[in-house]
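The next block holds one structure in the form of structure tokens; read it before the comments.
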Amino acid sequence: MQSLKIICPNGHLGFAPLRTASFQLGVAAGPHYIAADSGSDDVGPVPLGADVSTSPESWQRHDLEQMLLAARKIGVPMIIGSSGDTGSNSRVDLYVRIIRDLAAKHSLKKFRLGYFYSEVDPQYLRAKIRAGDKVLGLDGRPELAESELDATQRIVAMAGVHPFIALLRQGADVIIGGRSSDAAVFAAPAIHHGFPEDLSYYLGKVLECASFCAEPYGGKETVLGEISTHDVKVTAMHPPQRCTVASVAGHAMYERSNPYQEFVAGGMLDMTHCRYEQFDERTTRITGPRFVPADVTRVKLEGSGKVGERYVGLCGIRDPYTIANVDRVIEWARNQVRERFGSAGYELHYTVYGRDGVMGELEPLRDRPGHELCVLVQGVAPSSEMAEEVAMIGLRQMFYARLPDVKGTAGSVAFPLDEVLRASPAYRWTLNHTVAVNDPMELFRTHLTEAGV
Amino acid sequence: MTSRKLSELAKTIRSKNAGVDKITFDIIFRDRGNYDLVRRARVLTRESVARLYRIPDERISDFVEYDPGCAIKFTIYRLRPSGSAGDADIFGAQQYAPLLEVEVP
């Protein structure tokens with residue numbers, strides 16, 4: 001094989017539907033694989049902790065259907081990573097079920113369906129910690145303590161290329177992956193076909209977000225990557241878009257602190273010496289990436305822990321004197337919650353839109369509030385009854401705040417709703433760590449089955 | 001010569017999560033000219049962005065001038081991980097606005 005072509009129609013399958021016109025152009029370009037990543041830790045800790053998707057199933061189904069029908073029609077494998085936003089076991093099972101449903105619905109000829117799980121048993125990590133095998137923190141976090149593990153609901157490990165390659169070797173026609181590095185979804189087939197790791201990981205890096213590596217800006221459009229033994233070429237499939245030197249080089253820095261390095265299980269992609277050239281109007285050619293294998297394979301872990309049940313309420317403020325003293329209004333309400341529940345055992349958060357709601361302490365203009373404010377109140381507590389009451393006192397007592405010089409003595413805030421609303425439980429990221437493994441497959445169980453008729 | 005705002009000189013100014021504990025900021029220029037102009041003016045440095053966001057230097061994890069992308073990039077630590085109750089920007093996508101107004105002499 002002189003070169004291998006992969007198309008990617010969506011940078012986060014399910015989060016918003018892929019655009020079918022450019023996808024069909026990509027399919028017509030004769031790819032050897034159709035692949036996409038479906039997850040992200042961007043969605044916050046709630047989906048992983050509560051074990052739900054943040055994407056509607058109808059959108060997930062739409063994209064899987066487009067990809068499956070195209071892949072089966074032209075007879076090439078389809079690969080999905082980080083199923084269902086989080087890549088937890090239940091999300092893998094969901095996607096496997098959708099693939100089976102779609103195969104039956106369209107009476108697709110029998111094919112091999114491979115899948116793997118990425119969830120990590122907390123007891124496995126506990127044993128590592130007790131054996132002195134440190135679970136190291138990323139981004140300034142301390143090493144994992146057992147108490148933090150106890151506070152965690154669910155953990156997923158970030159797979160590298162290994163489980164994908166294992167399933168490709170077994171002849172899988174469709175692979176549904178648990179949590180995995182975005183780049184691995186595309187690097188795995190390239191490595192499987194014998195292309196150099198240096199270029200394979202770069203291919204993965206550039207394709208993972210689909211049309212985010214093209215310009216003008218526009219997501220959910222298909223891009224095509226082609227790898228040979230000496231270069232990678234990436235082409236925009238959506239007619240108004242182009243992959244330019246600027247858009248491709250610029251994409252390398254998206255969502256990471258270091259634009260030259262990308263870490264995956266098993267090593268690091270070094271893009272310091274990448275060379276970018278405009279190959280044709282819509283294609284950029286890249287040479288020079290390096291993959292540096294790790295001496296010890298460390299696998300990234302993501303964990304989410306439940307903080308409590310949550311209720312939220314909203315109110316508005318228009319009186320300029322009250323706006324200038326909104327912190328005193330909030331303090332009054334906080335004190336009423338303290339009188340009822342004490343000062344610990346719950347969380348009470350105020351977000352003041354119109355002043356610093358979006359940026360909080362980073363807001364340079366927080367001393368220049370607008371002429372009206374909206375305040376979001378969140379109460380978090382162990383039980384739903386308590387969370388409701390924390391939020392309700394925290395909201396309603398703003399109405400009764402006692403400001404000395406206020407003219408409007410009938411109520412300090414405006415209520416759009418005379419209630420607090422149940423929200424998703426509050427979770428927090430408890431794990432952003434790495435663990436050393438002897439075998440890169442240690443945390444990922446693969447399965448091969450059949451679908452179709 | 002009159003000064004111009006960074007929003008007039010840059011093609012893209014954005015912020016986004018870099019993992020769950022950090023937010024990264026990208027200021028991308030269409031060409032080498034404006035990129036070099038802003039770099040030479042020294043209006044975007046570790047110190048100046050710390051001042052702009054009123055944070056101590058230690059909260060800036062990385063500050064990079066990225067020649068291949070004609071971009072200046074810096075990353076800050078969040079005080080609490082993304083999506084914790086009370087975090088108002090789970091994706092970290094709306095933290096760049098103060099950069100738009102930076103004056104470049």
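Residues in the structure tokens are named by chain (A, B, ... in the order shown) and by number from 1 within that chain; ligands are numbered from 1 in the order shown.
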
Residues of chain A at most 9 Å from chain B: nearest atom pair and distance in Å, only C-alpha atoms, as a Markdown table:
| residue | atom | partner | partner_atom | distance |
| --- | --- | --- | --- | --- |
| A:Asp41 | CA | B:Val20 | CA | 6.8 |
| A:Asp42 | CA | B:Phe91 | CA | 5.5 |
| A:Val43 | CA | B:Ile90 | CA | 6.9 |
| A:Gly44 | CA | B:Gly83 | CA | 4.6 |
| A:Pro45 | CA | B:Gly83 | CA | 6.1 |
| A:Val46 | CA | B:Gly83 | CA | 7.6 |
| A:Leu138 | CA | B:Asp21 | CA | 8.7 |
| A:Asp139 | CA | B:Asp21 | CA | 6.5 |
| A:Gly140 | CA | B:Asp21 | CA | 8.6 |
| A:Arg141 | CA | B:Asp21 | CA | 8.8 |
| A:Val245 | CA | B:Gly69 | CA | 8.2 |
| A:Ala246 | CA | B:Gly69 | CA | 5.8 |
| A:Ser247 | CA | B:Gly69 | CA | 7.8 |
| A:Val248 | CA | B:Gly69 | CA | 8.2 |
| A:Ala249 | CA | B:Gly69 | CA | 5.1 |
| A:Gly250 | CA | B:Gly69 | CA | 4.7 |
| A:His251 | CA | B:Gly69 | CA | 8.3 |
| A:Ala252 | CA | B:Gly69 | CA | 8.4 |
| A:Met253 | CA | B:Asp26 | CA | 7.9 |
| A:Tyr254 | CA | B:Asp26 | CA | 8.0 |
| A:Glu255 | CA | B:Ala18 | CA | 4.6 |
| A:Arg256 | CA | B:Ala18 | CA | 4.6 |
| A:Ser257 | CA | B:Thr75 | CA | 5.7 |
| A:Asn258 | CA | B:Asp62 | CA | 7.4 |
| A:Pro259 | CA | B:Tyr66 | CA | 7.3 |
| A:Tyr260 | CA | B:Tyr66 | CA | 8.7 |
| A:Cys274 | CA | B:Pro68 | CA | 8.5 |
| A:Arg275 | CA | B:Pro68 | CA | 8.4 |
| A:Tyr276 | CA | B:Pro68 | CA | 8.3 |
| A:Val307 | CA | B:Ala85 | CA | 8.6 |
| A:Arg310 | CA | B:Ala85 | CA | 8.8 |
| A:Glu347 | CA | B:Ala85 | CA | 8.2 |
| A:Leu348 | CA | B:Gly86 | CA | 8.4 |
| A:His349 | CA | B:Gly86 | CA | 5.4 |
| A:Tyr350 | CA | B:Gly86 | CA | 7.2 |
| A:Thr351 | CA | B:Gly86 | CA | 7.1 |
| A:Gly357 | CA | B:Ala88 | CA | 6.8 |
| A:Val358 | CA | B:Ala88 | CA | 5.7 |
| A:Met359 | CA | B:Gln95 | CA | 6.1 |
| A:Gly360 | CA | B:Ala88 | CA | 8.0 |
| A:Glu361 | CA | B:Arg54 | CA | 8.2 |
| A:Leu362 | CA | B:Tyr53 | CA | 5.2 |
| A:Glu363 | CA | B:Tyr53 | CA | 6.9 |
| A:Pro364 | CA | B:Tyr53 | CA | 6.4 |
| A:Leu365 | CA | B:Pro98 | CA | 8.9 |
| A:Val377 | CA | B:Gly86 | CA | 8.9 |
| A:Gln378 | CA | B:Gly86 | CA | 7.4 |
| A:Gly379 | CA | B:Ala85 | CA | 8.9 |
| A:Val380 | CA | B:Ala85 | CA | 7.9 |
| A:Ala426 | CA | B:Ala85 | CA | 5.9 |
| A:Tyr427 | CA | B:Ser84 | CA | 6.4 |
| A:Arg428 | CA | B:Ser84 | CA | 5.0 |
| A:Trp429 | CA | B:Pro81 | CA | 6.3 |
| A:Thr430 | CA | B:Pro81 | CA | 8.8 |
| A:Asn432 | CA | B:Val20 | CA | 7.5 |

Write the residues you've just listed into a file as a PDB file, in the first residue's frame, and include C-alpha atoms for each of them.
ATOM      1  CA  ASP A  41     -13.629  16.011  28.886  1.00  0.00           C
ATOM      2  CA  ASP A  42     -14.823  19.472  27.826  1.00  0.00           C
ATOM      3  CA  VAL A  43     -18.368  18.541  28.746  1.00  0.00           C
ATOM      4  CA  GLY A  44     -17.478  18.666  32.427  1.00  0.00           C
ATOM      5  CA  PRO A  45     -17.580  15.973  35.105  1.00  0.00           C
ATOM      6  CA  VAL A  46     -21.366  15.402  35.210  1.00  0.00           C
ATOM      7  CA  LEU A 138      -1.295  16.022  35.849  1.00  0.00           C
ATOM      8  CA  ASP A 139      -1.417  19.811  35.537  1.00  0.00           C
ATOM      9  CA  GLY A 140      -0.115  20.491  39.029  1.00  0.00           C
ATOM     10  CA  ARG A 141      -2.327  17.975  40.861  1.00  0.00           C
ATOM     11  CA  VAL A 245      -0.531  26.083   6.137  1.00  0.00           C
ATOM     12  CA  ALA A 246      -1.958  28.553   8.654  1.00  0.00           C
ATOM     13  CA  SER A 247      -5.080  26.549   9.465  1.00  0.00           C
ATOM     14  CA  VAL A 248      -3.224  23.256   9.821  1.00  0.00           C
ATOM     15  CA  ALA A 249      -0.320  24.663  11.829  1.00  0.00           C
ATOM     16  CA  GLY A 250      -2.807  26.648  13.890  1.00  0.00           C
ATOM     17  CA  HIS A 251      -4.828  23.564  14.723  1.00  0.00           C
ATOM     18  CA  ALA A 252      -1.826  21.984  16.467  1.00  0.00           C
ATOM     19  CA  MET A 253      -2.208  24.455  19.321  1.00  0.00           C
ATOM     20  CA  TYR A 254      -5.957  24.012  19.786  1.00  0.00           C
ATOM     21  CA  GLU A 255      -7.003  22.877  23.289  1.00  0.00           C
ATOM     22  CA  ARG A 256      -3.496  22.238  24.619  1.00  0.00           C
ATOM     23  CA  SER A 257      -0.975  24.274  26.501  1.00  0.00           C
ATOM     24  CA  ASN A 258       2.023  23.194  24.424  1.00  0.00           C
ATOM     25  CA  PRO A 259       1.536  23.444  20.656  1.00  0.00           C
ATOM     26  CA  TYR A 260       4.558  21.246  19.937  1.00  0.00           C
ATOM     27  CA  CYS A 274       7.025  19.965  11.376  1.00  0.00           C
ATOM     28  CA  ARG A 275       7.191  21.546   7.943  1.00  0.00           C
ATOM     29  CA  TYR A 276       3.966  22.700   6.326  1.00  0.00           C
ATOM     30  CA  VAL A 307     -20.503  16.349  45.303  1.00  0.00           C
ATOM     31  CA  ARG A 310     -28.345  20.387  43.129  1.00  0.00           C
ATOM     32  CA  GLU A 347     -22.335  24.493  48.809  1.00  0.00           C
ATOM     33  CA  LEU A 348     -24.058  27.727  47.869  1.00  0.00           C
ATOM     34  CA  HIS A 349     -22.898  29.515  44.714  1.00  0.00           C
ATOM     35  CA  TYR A 350     -23.904  32.889  43.293  1.00  0.00           C
ATOM     36  CA  THR A 351     -23.120  33.825  39.698  1.00  0.00           C
ATOM     37  CA  GLY A 357     -20.944  36.128  35.717  1.00  0.00           C
ATOM     38  CA  VAL A 358     -18.845  34.721  32.882  1.00  0.00           C
ATOM     39  CA  MET A 359     -15.318  35.419  34.118  1.00  0.00           C
ATOM     40  CA  GLY A 360     -15.639  35.665  37.889  1.00  0.00           C
ATOM     41  CA  GLU A 361     -12.410  36.738  39.522  1.00  0.00           C
ATOM     42  CA  LEU A 362     -10.722  37.055  36.108  1.00  0.00           C
ATOM     43  CA  GLU A 363     -13.107  39.861  35.063  1.00  0.00           C
ATOM     44  CA  PRO A 364     -11.251  43.190  34.783  1.00  0.00           C
ATOM     45  CA  LEU A 365     -14.545  45.159  34.572  1.00  0.00           C
ATOM     46  CA  VAL A 377     -28.135  30.699  42.710  1.00  0.00           C
ATOM     47  CA  GLN A 378     -27.009  27.090  43.121  1.00  0.00           C
ATOM     48  CA  GLY A 379     -27.514  24.963  46.211  1.00  0.00           C
ATOM     49  CA  VAL A 380     -25.624  21.669  46.499  1.00  0.00           C
ATOM     50  CA  ALA A 426     -22.976  18.371  41.043  1.00  0.00           C
ATOM     51  CA  TYR A 427     -19.827  16.391  40.275  1.00  0.00           C
ATOM     52  CA  ARG A 428     -16.178  17.352  40.171  1.00  0.00           C
ATOM     53  CA  TRP A 429     -13.123  16.041  38.359  1.00  0.00           C
ATOM     54  CA  THR A 430     -11.406  13.937  40.996  1.00  0.00           C
ATOM     55  CA  ASN A 432      -6.634  13.938  36.120  1.00  0.00           C
TER      56      ASN A 432
END

As a PyMOL selection string, list the residues of segment 213-358 of chain A assigned to strand (DSSP E) by DSSP on the backbone atoms of this structure.
-> chain A and resi 223-227+232-236+261-264+267-270+275-280+283-287+290-293+297-317+347-353

Could you pull the residues within 7 Å of Val337 of chain A, counting only C-alpha atoms, minus those fewer than 4 positions along the same chain, as a CSV table (one decimal) with C-alpha atoms, in the first residue's frame?
chain,number,residue,atom,x,y,z
A,333,ALA,CA,-29.0,35.6,52.0
A,341,PHE,CA,-27.7,24.8,58.1
A,390,VAL,CA,-30.4,25.7,50.5
A,393,ILE,CA,-33.3,30.2,51.2
A,394,GLY,CA,-30.3,31.5,49.2

Which of segment 156-377 of chain A counts as helix (DSSP H, G or I) under DSSP, as a ChimeraX atom specification please?
-> /A:162-169,182-192,197-207,210-213,245-251,320-324,326-341,360-362

Using the selection just defined, write its residues with C-alpha atoms as a short mmCIF file (atom, residue, chain, number, x, y, z; two decimals), in the first residue's frame.
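And here's result.cif as it stands now:
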data_model
loop_
_atom_site.label_atom_id
_atom_site.label_comp_id
_atom_site.auth_asym_id
_atom_site.auth_seq_id
_atom_site.Cartn_x
_atom_site.Cartn_y
_atom_site.Cartn_z
CA HIS A 162 -3.24 -0.56 21.21
CA PRO A 163 -6.85 -1.81 21.58
CA PHE A 164 -7.75 -0.41 18.13
CA ILE A 165 -4.81 -2.23 16.53
CA ALA A 166 -5.68 -5.44 18.42
CA LEU A 167 -9.21 -5.33 17.01
CA LEU A 168 -8.03 -4.47 13.49
CA ARG A 169 -5.71 -7.50 13.62
CA ASP A 182 -8.46 11.39 19.82
CA ALA A 183 -5.31 10.91 17.77
CA ALA A 184 -5.23 7.15 18.43
CA VAL A 185 -8.46 6.62 16.48
CA PHE A 186 -6.65 7.59 13.26
CA ALA A 187 -3.06 6.66 14.13
CA ALA A 188 -4.04 3.05 14.85
CA PRO A 189 -5.10 2.08 11.31
CA ALA A 190 -2.04 3.85 9.84
CA ILE A 191 0.32 1.98 12.17
CA HIS A 192 -1.62 -1.24 11.52
CA GLU A 197 4.66 6.07 13.89
CA ASP A 198 6.08 9.59 13.39
CA LEU A 199 3.59 10.32 10.63
CA SER A 200 0.77 8.10 11.91
CA TYR A 201 0.39 10.01 15.17
CA TYR A 202 0.55 13.29 13.31
CA LEU A 203 -2.20 12.06 10.96
CA GLY A 204 -4.28 11.38 14.06
CA LYS A 205 -3.53 14.76 15.55
CA VAL A 206 -4.52 16.69 12.44
CA LEU A 207 -7.71 14.71 11.71
CA ALA A 210 -12.41 17.19 11.49
CA SER A 211 -12.79 20.60 9.79
CA PHE A 212 -11.28 22.56 12.69
CA CYS A 213 -7.99 22.21 10.78
CA VAL A 245 -0.53 26.08 6.14
CA ALA A 246 -1.96 28.55 8.65
CA SER A 247 -5.08 26.55 9.47
CA VAL A 248 -3.22 23.26 9.82
CA ALA A 249 -0.32 24.66 11.83
CA GLY A 250 -2.81 26.65 13.89
CA HIS A 251 -4.83 23.56 14.72
CA PRO A 320 -28.94 50.87 40.81
CA TYR A 321 -28.39 51.11 44.56
CA THR A 322 -29.09 47.40 44.98
CA ILE A 323 -26.83 46.63 42.01
CA ALA A 324 -24.01 48.60 43.64
CA VAL A 326 -25.30 43.19 45.33
CA ASP A 327 -22.55 41.59 47.41
CA ARG A 328 -24.33 42.74 50.57
CA VAL A 329 -27.59 41.28 49.27
CA ILE A 330 -25.84 37.97 48.66
CA GLU A 331 -24.15 38.07 52.07
CA TRP A 332 -27.52 38.63 53.73
CA ALA A 333 -28.96 35.56 51.99
CA ARG A 334 -25.86 33.48 52.78
CA ASN A 335 -26.28 34.36 56.44
CA GLN A 336 -29.86 33.10 56.42
CA VAL A 337 -28.65 29.78 54.99
CA ARG A 338 -25.95 29.69 57.69
CA GLU A 339 -28.54 30.23 60.38
CA ARG A 340 -30.51 27.26 59.08
CA PHE A 341 -27.71 24.82 58.15
CA GLY A 360 -15.64 35.66 37.89
CA GLU A 361 -12.41 36.74 39.52
CA LEU A 362 -10.72 37.05 36.11
#

Shell around Arg4 of chain B at 12 Å using only C-alpha atoms, local window under 2 positions removed, as a list in words = Met1, Thr2, Leu6, Ser7, Glu8, Leu9, Ala10, Asn34, Leu37, Val38, Ala41, Val43, Leu100, Glu101, Val102, Glu103, Val104 and Pro105 of chain B

Could those residues be written to a file, using C-alpha atoms, as a short mmCIF file (atom, residue, chain, number, x, y, z; two decimals), in the first residue's frame?
data_model
loop_
_atom_site.label_atom_id
_atom_site.label_comp_id
_atom_site.auth_asym_id
_atom_site.auth_seq_id
_atom_site.Cartn_x
_atom_site.Cartn_y
_atom_site.Cartn_z
CA MET B 1 1.72 56.45 14.86
CA THR B 2 -1.64 55.74 16.47
CA LEU B 6 -5.29 43.66 19.31
CA SER B 7 -8.71 42.75 17.86
CA GLU B 8 -7.83 44.73 14.71
CA LEU B 9 -4.47 43.00 14.27
CA ALA B 10 -5.27 39.37 15.12
CA ASN B 34 1.26 41.62 12.55
CA LEU B 37 4.57 43.76 15.32
CA VAL B 38 2.73 42.57 18.42
CA ALA B 41 5.60 45.78 21.07
CA VAL B 43 2.21 44.04 24.96
CA LEU B 100 -9.60 42.23 22.39
CA GLU B 101 -9.01 45.67 23.88
CA VAL B 102 -5.25 45.41 24.40
CA GLU B 103 -3.63 48.48 22.82
CA VAL B 104 -0.71 47.84 20.48
CA PRO B 105 1.42 50.96 19.94
#

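Minimum distance to Phe444 of chain A across A:Ser88, A:Thr152, A:Ser304, A:Thr284 (counting only C-alpha atoms) occurs at A:Ser88.
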
One decimal, Å: what's the distance from atom CA of Gln170 of chain A over to atom CA of Arg445 of chain A, could you say?
->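 Atom CA of Arg445 of chain A lies at a distance of 13.7 Å from atom CA of Gln170 of chain A.
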
Write out as a CSV table (one decimal) with C-alpha atoms, in the first residue's frame the residues lying within 7 Å of Gly11 of chain A, counting only C-alpha atoms and excluding same-chain residues fewer than 5 positions away.
chain,number,residue,atom,x,y,z
A,36,ALA,CA,-14.3,9.8,14.3
A,37,ASP,CA,-13.9,10.5,17.9
A,208,GLU,CA,-9.2,14.5,15.2
A,209,CYS,CA,-11.2,17.7,15.1
A,210,ALA,CA,-12.4,17.2,11.5
A,220,LYS,CA,-18.7,19.3,11.5

Mind checking which residues fall within 6 Å of Val299 of chain A, counting only C-alpha atoms, ignoring those fewer than 2 positions away in the same chain, and posting them as a list in words?
-> Ala265, Thr434 and Val435 of chain A

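Taking atom CA of His433 of chain A and atom CA of Leu94 of chain A as endpoints, the distance between them is 26.7 Å.
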
Which is closer to Gly266 of chain A than all the others in A:Leu149, A:Ala436, A:Leu64, A:Ile286, using only C-alpha atoms?
-> A:Ala436

In Å, with one decimal, what is the gap from atom CA of Gln261 of chain A to atom CA of Asp295 of chain A?
-> 16.6 Å

What lies within 10 Å of Ser383 of chain A using only C-alpha atoms, ignoring chain neighbours under 4 positions off, as a PyMOL selection string?
-> chain A and resi 308-310+346+387-388
